[in-house]
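Asker: Please see the structure below; I have some questions.
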Amino acid sequence: MSNEALVAMNEIQAIVNNKQFTDIFRGTVAPGLTDPQLHLFLYQCSRLGVNALDGMIVPQLRKVTVNGHEEMRMPLQATIDYLRAVGEASGEFAGIDEPEFVEGDGQYPVLAKVTVYRSINGTVLKFVGV
C-alpha cells in the first residue's frame, strides 16, 4: 500500500472513530451505512479527491438476492456534478444543452435527453445521452 493510501486510511479511521461526526453523517448524507460501508465510501471519496459532504459521489444501498437470500450491497454512484467537474477538469468539455424531456401519460417523463459537447484535438463533437 502506498504512503498516500496509508495516510488516507489513517484520516478515514480518525473520522470514523468520531462518533459525533458519524452520527451526523449517517443521519444526513448516508443513512443506514455500516462501519465497513462508511469506510469504503470515505476511502473512495478520498481516492477521487472529493469531499464526502459535497454529494459528488453518493452511496446507494440496494437489496440483492444471492443464492436465494437477500443481501445489502452498496454501489457508489457518481452524480452529474462529479461528471461535469471531471469533464471540465479534462479541458475537453465544450458545453452542454438544456435537458429535453418527453412527457408521458403519468406523472414522470418517459424520456430525457442531454447533449454534451467535447473538444477533441480542436474539433467539437456532440454526444447525446438518452
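In the C-alpha cells, the first chain shown is A, the next is B, and so on; residue numbers restart at 1 for each chain, and ligands run from 1 in the order shown.
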So which residues touch range 109-115 of chain A within 8 Å, counting only C-alpha atoms, skipping near sequence neighbours fewer than 5 positions away, as a list in words?

Answerer: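 My reading of the contact set: Ile96, Asp97, Glu98, Pro99, Glu100, Phe101, Val102, Glu103, Gly104, Lys126, Phe127, Val128, Gly129 and Val130 of chain A.
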
Asker: Put those residues in a file: all heavy atoms, as a short mmCIF file (atom, residue, chain, number, x, y, z; two decimals), in the first residue's frame.

Answerer:
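Saved as again-v8.cif:
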data_model
loop_
_atom_site.label_atom_id
_atom_site.label_comp_id
_atom_site.auth_asym_id
_atom_site.auth_seq_id
_atom_site.Cartn_x
_atom_site.Cartn_y
_atom_site.Cartn_z
N ILE A 96 -22.87 22.13 -22.79
CA ILE A 96 -23.97 21.20 -22.59
C ILE A 96 -25.27 21.93 -22.91
O ILE A 96 -25.41 23.11 -22.59
CB ILE A 96 -23.96 20.64 -21.15
CG1 ILE A 96 -24.98 19.53 -20.97
CG2 ILE A 96 -24.17 21.73 -20.13
CD1 ILE A 96 -24.82 18.76 -19.67
N ASP A 97 -26.20 21.24 -23.55
CA ASP A 97 -27.51 21.81 -23.82
C ASP A 97 -28.45 21.53 -22.65
O ASP A 97 -28.21 20.62 -21.85
CB ASP A 97 -28.13 21.19 -25.09
CG ASP A 97 -27.44 21.66 -26.37
OD1 ASP A 97 -26.73 22.68 -26.32
OD2 ASP A 97 -27.63 20.98 -27.39
N GLU A 98 -29.51 22.29 -22.58
CA GLU A 98 -30.54 22.04 -21.58
C GLU A 98 -31.16 20.66 -21.84
O GLU A 98 -31.31 20.25 -22.98
CB GLU A 98 -31.65 23.10 -21.66
CG GLU A 98 -31.23 24.46 -21.16
CD GLU A 98 -30.95 24.47 -19.67
OE1 GLU A 98 -31.71 23.84 -18.91
OE2 GLU A 98 -29.95 25.09 -19.27
N PRO A 99 -31.52 19.95 -20.78
CA PRO A 99 -32.17 18.64 -20.98
C PRO A 99 -33.50 18.80 -21.72
O PRO A 99 -34.20 19.79 -21.56
CB PRO A 99 -32.42 18.14 -19.57
CG PRO A 99 -31.67 19.03 -18.65
CD PRO A 99 -31.37 20.29 -19.38
N GLU A 100 -33.80 17.80 -22.53
CA GLU A 100 -35.09 17.74 -23.22
C GLU A 100 -35.86 16.57 -22.64
O GLU A 100 -35.31 15.49 -22.42
CB GLU A 100 -34.89 17.51 -24.72
CG GLU A 100 -34.12 18.62 -25.41
CD GLU A 100 -33.85 18.27 -26.87
OE1 GLU A 100 -34.73 17.68 -27.53
OE2 GLU A 100 -32.74 18.58 -27.34
N PHE A 101 -37.16 16.78 -22.38
CA PHE A 101 -38.00 15.74 -21.79
C PHE A 101 -39.17 15.44 -22.71
O PHE A 101 -39.72 16.34 -23.33
CB PHE A 101 -38.54 16.18 -20.43
CG PHE A 101 -37.46 16.46 -19.42
CD1 PHE A 101 -37.03 17.75 -19.18
CD2 PHE A 101 -36.86 15.41 -18.73
CE1 PHE A 101 -36.03 18.00 -18.25
CE2 PHE A 101 -35.87 15.65 -17.81
CZ PHE A 101 -35.45 16.95 -17.57
N VAL A 102 -39.54 14.16 -22.78
CA VAL A 102 -40.75 13.74 -23.48
C VAL A 102 -41.73 13.30 -22.40
O VAL A 102 -41.46 12.35 -21.65
CB VAL A 102 -40.46 12.58 -24.46
CG1 VAL A 102 -41.75 12.08 -25.08
CG2 VAL A 102 -39.47 13.02 -25.52
N GLU A 103 -42.83 14.02 -22.32
CA GLU A 103 -43.83 13.74 -21.29
C GLU A 103 -44.63 12.49 -21.64
O GLU A 103 -44.94 12.24 -22.79
CB GLU A 103 -44.78 14.93 -21.13
CG GLU A 103 -44.09 16.21 -20.72
CD GLU A 103 -43.40 16.15 -19.38
OE1 GLU A 103 -43.88 15.43 -18.48
OE2 GLU A 103 -42.35 16.81 -19.22
N GLY A 104 -44.94 11.72 -20.63
CA GLY A 104 -45.77 10.53 -20.81
C GLY A 104 -47.16 10.79 -20.29
O GLY A 104 -47.55 11.92 -20.00
N LYS A 126 -20.39 16.26 -30.74
CA LYS A 126 -21.63 16.21 -29.99
C LYS A 126 -21.91 14.79 -29.53
O LYS A 126 -21.83 13.85 -30.32
CB LYS A 126 -22.77 16.71 -30.90
CG LYS A 126 -24.14 16.65 -30.29
CD LYS A 126 -25.16 17.39 -31.12
CE LYS A 126 -25.74 16.56 -32.21
NZ LYS A 126 -26.91 17.20 -32.86
N PHE A 127 -22.22 14.64 -28.23
CA PHE A 127 -22.57 13.35 -27.67
C PHE A 127 -23.95 13.47 -27.03
O PHE A 127 -24.19 14.38 -26.25
CB PHE A 127 -21.55 12.92 -26.60
CG PHE A 127 -20.18 12.68 -27.16
CD1 PHE A 127 -19.28 13.73 -27.32
CD2 PHE A 127 -19.79 11.42 -27.55
CE1 PHE A 127 -18.01 13.53 -27.84
CE2 PHE A 127 -18.52 11.20 -28.09
CZ PHE A 127 -17.63 12.24 -28.22
N VAL A 128 -24.84 12.56 -27.39
CA VAL A 128 -26.21 12.62 -26.89
C VAL A 128 -26.46 11.44 -25.96
O VAL A 128 -26.20 10.28 -26.33
CB VAL A 128 -27.23 12.60 -28.06
CG1 VAL A 128 -28.65 12.61 -27.53
CG2 VAL A 128 -26.97 13.76 -29.00
N GLY A 129 -26.95 11.76 -24.76
CA GLY A 129 -27.32 10.72 -23.80
C GLY A 129 -28.82 10.69 -23.65
O GLY A 129 -29.46 11.71 -23.51
N VAL A 130 -29.41 9.49 -23.74
CA VAL A 130 -30.86 9.34 -23.62
C VAL A 130 -31.16 8.42 -22.46
O VAL A 130 -30.51 7.44 -22.24
CB VAL A 130 -31.47 8.75 -24.92
CG1 VAL A 130 -32.97 8.58 -24.77
CG2 VAL A 130 -31.13 9.62 -26.09
#

Asker: Tell me, as an MDAnalysis selection string, which residues lie within 10 Å of Gly55 in chain A, counting only C-alpha atoms; anything in the same chain fewer than 4 positions away does not count.

Answerer: chainID A and resid 29 45 50:51 59 77:82

Asker: I'd like the interatomic distance between CA of Lys19 in chain A and CA of Arg62 in chain A, to a tenth of an Å.

Answerer: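 So the two atoms, CA of Lys19 in chain A and CA of Arg62 in chain A, lie 24.8 Å apart.
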
Asker: What's the 12 Å shell around Phe25 in chain A, counting only C-alpha atoms, without same-chain residues fewer than 3 positions away, as number ranges by chain?

Answerer: A: 15-16, 18-22, 28-35, 38, 41-42, 52-55

Asker: If you run DSSP over the backbone, which residues in chain A end up helix (DSSP H, G or I)? Put them as a VMD selection string.

Answerer: chain A and resid 3 to 16 19 to 28 35 to 48 80 to 90

Asker: What is the distance between CA of Lys63 in chain A and CA of Tyr43 in chain A, in Å to one decimal?

Answerer: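 Result for CA of Lys63 in chain A versus CA of Tyr43 in chain A: 22.4 Å, one decimal.
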
Asker: Please return as a PyMOL selection string: the residues of chain A that backbone DSSP assigns to strand (DSSP E or B).

Answerer: chain A and resi 57-59+62-66+69-73+76-78+93-96+100-103+109-120+123-129

Asker: Which polymer residues have any atom within 8 Å of an atom of range 85-92 of chain A, counting only C-alpha atoms, with same-chain residues fewer than 4 positions away left out, as number ranges by chain?

Answerer: A: 81, 118-120

Asker: Give me, please, the distance in Å between CA of Val58 in chain A and CA of Pro75 in chain A, quoted to one decimal.

Answerer: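 About the pair CA of Val58 in chain A and CA of Pro75 in chain A: they are 8.7 Å apart.
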
Asker: So which residues touch Met72 in chain A within 9 Å, counting only C-alpha atoms, skipping near sequence neighbours fewer than 2 positions away, as a short mmCIF file (atom, residue, chain, number, x, y, z; two decimals) with C-alpha atoms, in the first residue's frame?

Answerer:
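part39.cif was written with the following content:
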data_model
loop_
_atom_site.label_atom_id
_atom_site.label_comp_id
_atom_site.auth_asym_id
_atom_site.auth_seq_id
_atom_site.Cartn_x
_atom_site.Cartn_y
_atom_site.Cartn_z
CA LEU A 61 -27.91 0.83 -0.54
CA ARG A 62 -29.68 -1.89 -2.53
CA LYS A 63 -31.10 -5.29 -1.71
CA VAL A 64 -29.89 -8.06 -3.98
CA THR A 65 -30.69 -11.76 -3.94
CA GLU A 70 -31.25 -11.12 0.33
CA MET A 74 -23.57 -0.55 -1.65
#
